[in-house]
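J.: The structure's right below; bear with me while I get my questions together.
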Amino acid sequence: MWLKIKPEEPLILGDVRAGSQFLSSTPYIPGRVLRGAWAEWLLAQGREDILPTVERVRIGNFFPTVEWRPIRYTLPLPLSALTCKQKSGFRGEPLPDHRGHGVVDTLLPQVAYQILEKAGARFSAPFTLTCIECGDRMEPMSGFYTVYQYSGTDRYVQTRLRYHAQTKVGLSRYRRASAEQMLYTASALSPVAESPEEKEKRNALVFVGRVHGKREDVQSLIDAVNRVAVGALHTRGYGRVTAEEAKVAGLSDIAERVNQFNATLAHCWQDIKRLAANAGELPEKPEGTYFSVDLLAPGVFQENGVPSLVPTLDVNGQTLTPLFWMTRPDFASGWSTAWGLPKPTNLAAHMGGVYVFRWEDGLESLVPALERLESQGIGERCDEGFGECLVCHPFHQEVEER
Ligand SMILES: [Zn+2]
């Protein structure tokens, strides 16, 4: 189920880091922040079954977008998304000032190149991409984007956030409430963002995300979030939000995403195969079924007890290791709002990280396993929202500039 959260006041989301005098907000609402707000509300009601209650719903991260046209979905861009270094941004942005030379996903061309090489292809040049408009270099594009339904077509729009002027506040890092001892500089997310369509105009900022659980439990979460402020500085005019079920078209189902992923991979294979000196000796299409797992939250992984940036999957009793990945390090910290205690910090793989796996058996046995993966997350600390993932992120289809 998809929910929509609308800030009514500026938000400061994230953790108070020890030794830092700055409070800055993450650009999205981590699922664990909502879970903390829910626990806080249950505690205020004198409920004793807090932990078993909040564990019944898996709360994903909520990503920022702007209220404009009907939303298909809002997601973080995968680490494989590139844009022109000269003029970055989507080509189809409604506002001319926001239009760039396009954003393209490089995952499937890179995977095709690599598995062709493994199949014996001989290439005279390494894999490179340049901007088709100006020929300049491409660089990674991060952040969030929304696909809107706009007069019968899909419009890709980058989320442009605004931050509130910085204010100095006294804050106790242990209680996350006002106190006189320490002075912090706070930078908060504004509840309004730039309009995708008109210059100088503001539209409401909203966050959309997925939750997995029974309807009555999700309703309890919604009721709590509507009553308890989220993030830091509750008592200072920050963090009030409203939550409701979102009317978004959502993503196509996993089987369709996996099929499209493999169809596009086969196209890339054909295109890149032509560049090989020995094209005639190579197979017509890649063997096996490929799929990607894309991180929608930092992922906490271990390999033989050692922190790792690369996960392994257990699919129907088979251990799968990725054959291709793109990752960056991050940290997984946390705060137990209900108990007022910091949680341990782990090395984590960055949101937007992508891992490609190969499956030899049929799709029928794979799809239910991938559905479980999406609803439960991968790696450790999934109950805190780490390891939230998406199978075959739809942006991997964009092998031509958007
Ligand atoms: Zn360019």
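So you can find residues: chains in the structure tokens are A, B, ... in the order shown, residues in each start at 1, and ligands are numbered from 1 in order.
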Could you go through stretch 128-366 of chain A and tell me which residues DSSP, when run on the backbone, assigns to alpha helix (DSSP H), listing them as a PyMOL selection string?
T.: chain A and resi 215-225+254-273+363-366
J.: Quick one: write out the picked residues with C-alpha atoms as a PDB file, in the first residue's frame?
T.:
```pdb
ATOM      1  CA  ARG A 215      -4.998  -2.481   6.875  1.00  0.00           C
ATOM      2  CA  GLU A 216      -5.991  -1.950  10.521  1.00  0.00           C
ATOM      3  CA  ASP A 217      -2.344  -1.746  11.597  1.00  0.00           C
ATOM      4  CA  VAL A 218      -1.584   0.715   8.792  1.00  0.00           C
ATOM      5  CA  GLN A 219      -4.568   2.786   9.957  1.00  0.00           C
ATOM      6  CA  SER A 220      -3.112   2.852  13.475  1.00  0.00           C
ATOM      7  CA  LEU A 221       0.171   4.128  11.984  1.00  0.00           C
ATOM      8  CA  ILE A 222      -1.676   6.833   9.995  1.00  0.00           C
ATOM      9  CA  ASP A 223      -3.608   7.939  13.095  1.00  0.00           C
ATOM     10  CA  ALA A 224      -0.376   8.194  15.091  1.00  0.00           C
ATOM     11  CA  VAL A 225       1.519  10.153  12.438  1.00  0.00           C
ATOM     12  CA  ILE A 254       7.536  -7.899 -10.428  1.00  0.00           C
ATOM     13  CA  ALA A 255       7.064 -10.468 -13.214  1.00  0.00           C
ATOM     14  CA  GLU A 256       6.519  -7.672 -15.734  1.00  0.00           C
ATOM     15  CA  ARG A 257       9.499  -5.680 -14.435  1.00  0.00           C
ATOM     16  CA  VAL A 258      11.759  -8.757 -14.691  1.00  0.00           C
ATOM     17  CA  ASN A 259      10.520  -9.482 -18.227  1.00  0.00           C
ATOM     18  CA  GLN A 260      11.109  -5.886 -19.347  1.00  0.00           C
ATOM     19  CA  PHE A 261      14.547  -5.903 -17.707  1.00  0.00           C
ATOM     20  CA  ASN A 262      15.527  -9.010 -19.722  1.00  0.00           C
ATOM     21  CA  ALA A 263      13.999  -7.702 -22.959  1.00  0.00           C
ATOM     22  CA  THR A 264      15.988  -4.457 -22.660  1.00  0.00           C
ATOM     23  CA  LEU A 265      19.133  -6.404 -21.749  1.00  0.00           C
ATOM     24  CA  ALA A 266      18.664  -8.490 -24.918  1.00  0.00           C
ATOM     25  CA  HIS A 267      18.374  -5.273 -26.998  1.00  0.00           C
ATOM     26  CA  CYS A 268      21.541  -3.866 -25.426  1.00  0.00           C
ATOM     27  CA  TRP A 269      23.269  -7.203 -26.075  1.00  0.00           C
ATOM     28  CA  GLN A 270      22.345  -7.017 -29.778  1.00  0.00           C
ATOM     29  CA  ASP A 271      23.532  -3.401 -30.102  1.00  0.00           C
ATOM     30  CA  ILE A 272      26.835  -3.920 -28.308  1.00  0.00           C
ATOM     31  CA  LYS A 273      27.539  -7.283 -29.936  1.00  0.00           C
ATOM     32  CA  LEU A 363      10.401 -17.288 -13.622  1.00  0.00           C
ATOM     33  CA  GLU A 364       7.545 -19.076 -11.793  1.00  0.00           C
ATOM     34  CA  SER A 365       9.832 -20.074  -8.928  1.00  0.00           C
ATOM     35  CA  LEU A 366      11.681 -16.751  -8.905  1.00  0.00           C
TER      36      LEU A 366
END
```
J.: Can you pull out every residue with an atom within 9 Å of ligand 1? Use only C-alpha atoms and all ligand atoms and format it as a ChimeraX atom specification.
T.: /A:83-88,100-102,130-138
J.: What gap, in Å, lies between atom CA of A:Leu205 and atom CA of A:Val66?
T.: 4.7 Å
J.: Find the residues near A:Phe63: any atom within 8 Å, counting only C-alpha atoms, skip ones fewer than 6 places away on the same chain, and give them as a list in words.
T.: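 Close residues of A:Phe63: Pro27, Tyr28, Ile29, Thr74, Leu75, Pro76, Phe144, Phe207, Val208 and Gly209 of chain A.
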J.: Limited to N, CA and C atoms, could you put the picked residues into a file as an mmCIF file, in the first residue's frame?
T.:
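Result went into again_13.cif, see below:
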```cif
data_model
loop_
_atom_site.group_PDB
_atom_site.id
_atom_site.type_symbol
_atom_site.label_atom_id
_atom_site.label_comp_id
_atom_site.auth_asym_id
_atom_site.auth_seq_id
_atom_site.Cartn_x
_atom_site.Cartn_y
_atom_site.Cartn_z
ATOM 1 N N PRO A 27 16.854 14.343 2.946
ATOM 2 C CA PRO A 27 15.805 14.796 2.024
ATOM 3 C C PRO A 27 14.611 13.853 1.919
ATOM 4 N N TYR A 28 14.581 12.794 2.708
ATOM 5 C CA TYR A 28 13.452 11.862 2.650
ATOM 6 C C TYR A 28 13.063 11.497 4.086
ATOM 7 N N ILE A 29 11.915 10.855 4.266
ATOM 8 C CA ILE A 29 11.518 10.423 5.609
ATOM 9 C C ILE A 29 11.879 8.949 5.770
ATOM 10 N N THR A 74 7.313 7.892 -7.169
ATOM 11 C CA THR A 74 8.485 8.722 -6.843
ATOM 12 C C THR A 74 9.548 7.793 -6.297
ATOM 13 N N LEU A 75 10.765 7.895 -6.829
ATOM 14 C CA LEU A 75 11.848 7.001 -6.407
ATOM 15 C C LEU A 75 13.180 7.744 -6.393
ATOM 16 N N PRO A 76 14.162 7.204 -5.647
ATOM 17 C CA PRO A 76 15.522 7.720 -5.797
ATOM 18 C C PRO A 76 16.093 7.210 -7.112
ATOM 19 N N PHE A 144 16.002 12.492 -6.264
ATOM 20 C CA PHE A 144 14.713 11.827 -6.436
ATOM 21 C C PHE A 144 14.009 12.349 -7.678
ATOM 22 N N PHE A 207 5.560 13.491 0.609
ATOM 23 C CA PHE A 207 6.430 12.318 0.584
ATOM 24 C C PHE A 207 5.563 11.098 0.296
ATOM 25 N N VAL A 208 5.980 10.276 -0.647
ATOM 26 C CA VAL A 208 5.224 9.045 -0.900
ATOM 27 C C VAL A 208 6.125 7.834 -0.648
ATOM 28 N N GLY A 209 5.506 6.788 -0.126
ATOM 29 C CA GLY A 209 6.265 5.578 0.173
ATOM 30 C C GLY A 209 5.342 4.391 0.354
#
```
J.: Check the smallest atom-to-atom distance from each of A:Ala188, A:Leu370, A:Ile378, A:Ala39 to A:Gly239 using only C-alpha atoms, then report the winner.
T.: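 Using only C-alpha atoms, the shortest distance to A:Gly239 belongs to A:Ala188.
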J.: If we count only C-alpha atoms, what is near A:Gly387 at a cut-off of 8 Å, once residues fewer than 2 positions away on the same chain are taken out, given as a VMD selection string?
T.: chain A and resid 295 to 300 377 to 382 385 389
J.: Keeping N, CA and C atoms, export the residues of the selection given above as a compact mmCIF listing (two decimals), in the first residue's frame.
T.:
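Listed below is the output, out-v1.txt:
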```
# COMPACT_ATOMS: atom_id res chain seq x y z
N LEU A 295 18.59 -0.62 -4.02
CA LEU A 295 18.37 -0.19 -2.62
C LEU A 295 17.58 1.12 -2.54
N LEU A 296 16.46 1.08 -1.83
CA LEU A 296 15.66 2.28 -1.59
C LEU A 296 15.94 2.85 -0.20
N ALA A 297 16.90 2.26 0.48
CA ALA A 297 17.33 2.70 1.81
C ALA A 297 18.76 2.20 1.93
N PRO A 298 19.55 2.72 2.87
CA PRO A 298 20.86 2.09 3.06
C PRO A 298 20.67 0.61 3.42
N GLY A 299 21.62 -0.22 3.00
CA GLY A 299 21.55 -1.65 3.30
C GLY A 299 22.69 -2.05 4.21
N VAL A 300 22.40 -2.86 5.21
CA VAL A 300 23.43 -3.33 6.15
C VAL A 300 23.70 -4.80 5.85
N GLY A 377 12.68 -6.74 2.69
CA GLY A 377 13.97 -6.05 2.65
C GLY A 377 15.12 -7.05 2.63
N ILE A 378 16.34 -6.56 2.38
CA ILE A 378 17.50 -7.45 2.36
C ILE A 378 18.52 -7.00 3.40
N GLY A 379 19.31 -7.95 3.86
CA GLY A 379 20.37 -7.64 4.83
C GLY A 379 19.83 -7.59 6.24
N GLU A 380 20.52 -6.77 7.07
CA GLU A 380 20.17 -6.72 8.49
C GLU A 380 19.44 -5.43 8.84
N ARG A 381 18.91 -5.41 10.06
CA ARG A 381 18.19 -4.25 10.60
C ARG A 381 17.03 -3.83 9.69
N CYS A 382 16.42 -4.83 9.02
CA CYS A 382 15.28 -4.54 8.14
C CYS A 382 14.10 -3.98 8.92
N GLY A 385 13.94 -0.39 8.78
CA GLY A 385 13.79 0.22 7.46
C GLY A 385 15.04 0.13 6.60
N CYS A 389 14.13 -2.55 -0.64
CA CYS A 389 14.63 -2.70 -2.00
C CYS A 389 13.52 -2.82 -3.02
```
J.: Find, counting only C-alpha atoms, the residue in A:Glu117, A:Asp294, A:Glu245, A:Glu388 that gets nearest to A:Ala276.
T.: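 Going through A:Glu117, A:Asp294, A:Glu245, A:Glu388 one by one, the smallest distance to A:Ala276 is for A:Glu117.
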J.: Taking only stretch 15-245 of chain A into account, list the residues labelled strand (DSSP E) by DSSP (computed from the backbone), as a PyMOL selection string.
T.: chain A and resi 22-24+58-66+71-76+81-84+103-105+138-140+144-150+153-158+167-172+177-187+192-194+202-212+241-245
J.: With a distance cut-off of 7 Å and only C-alpha atoms, select the neighbouring residues of A:Ile59, excluding the residue or stretch itself and same-chain residues fewer than 2 positions from it, and output the selection as a list of chain:residue names.
T.: A:Gly31, A:Val57, A:Asn61, A:Arg210, A:Val211, A:His212, A:Gly385
J.: A:Leu282: which residues within 9 Å, counting only C-alpha atoms, same-chain residues fewer than 2 positions away excluded, as a ChimeraX atom specification?
T.: /A:116,119-121,273,278-280,284-285
J.: Set the distance at 9 Å and use only C-alpha atoms: which residues neighbour A:Thr242 once local chain neighbours fewer than 6 positions away are removed? I'd like the list as a list in words.
T.: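 My list of contacting residues is Lys4, Ile5, Lys6, Pro7, Glu8, Ile222, Val225, Asn226 and Arg227 of chain A.
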J.: Quick check, in Å to one decimal: how far apart do atom CA of A:Glu67 and atom CA of A:Glu384 lie?
T.: 27.8 Å
J.: What does the distance from atom CA of A:Tyr156 to atom CA of A:Ile71 come to in Å, to one decimal?
T.: 10.4 Å
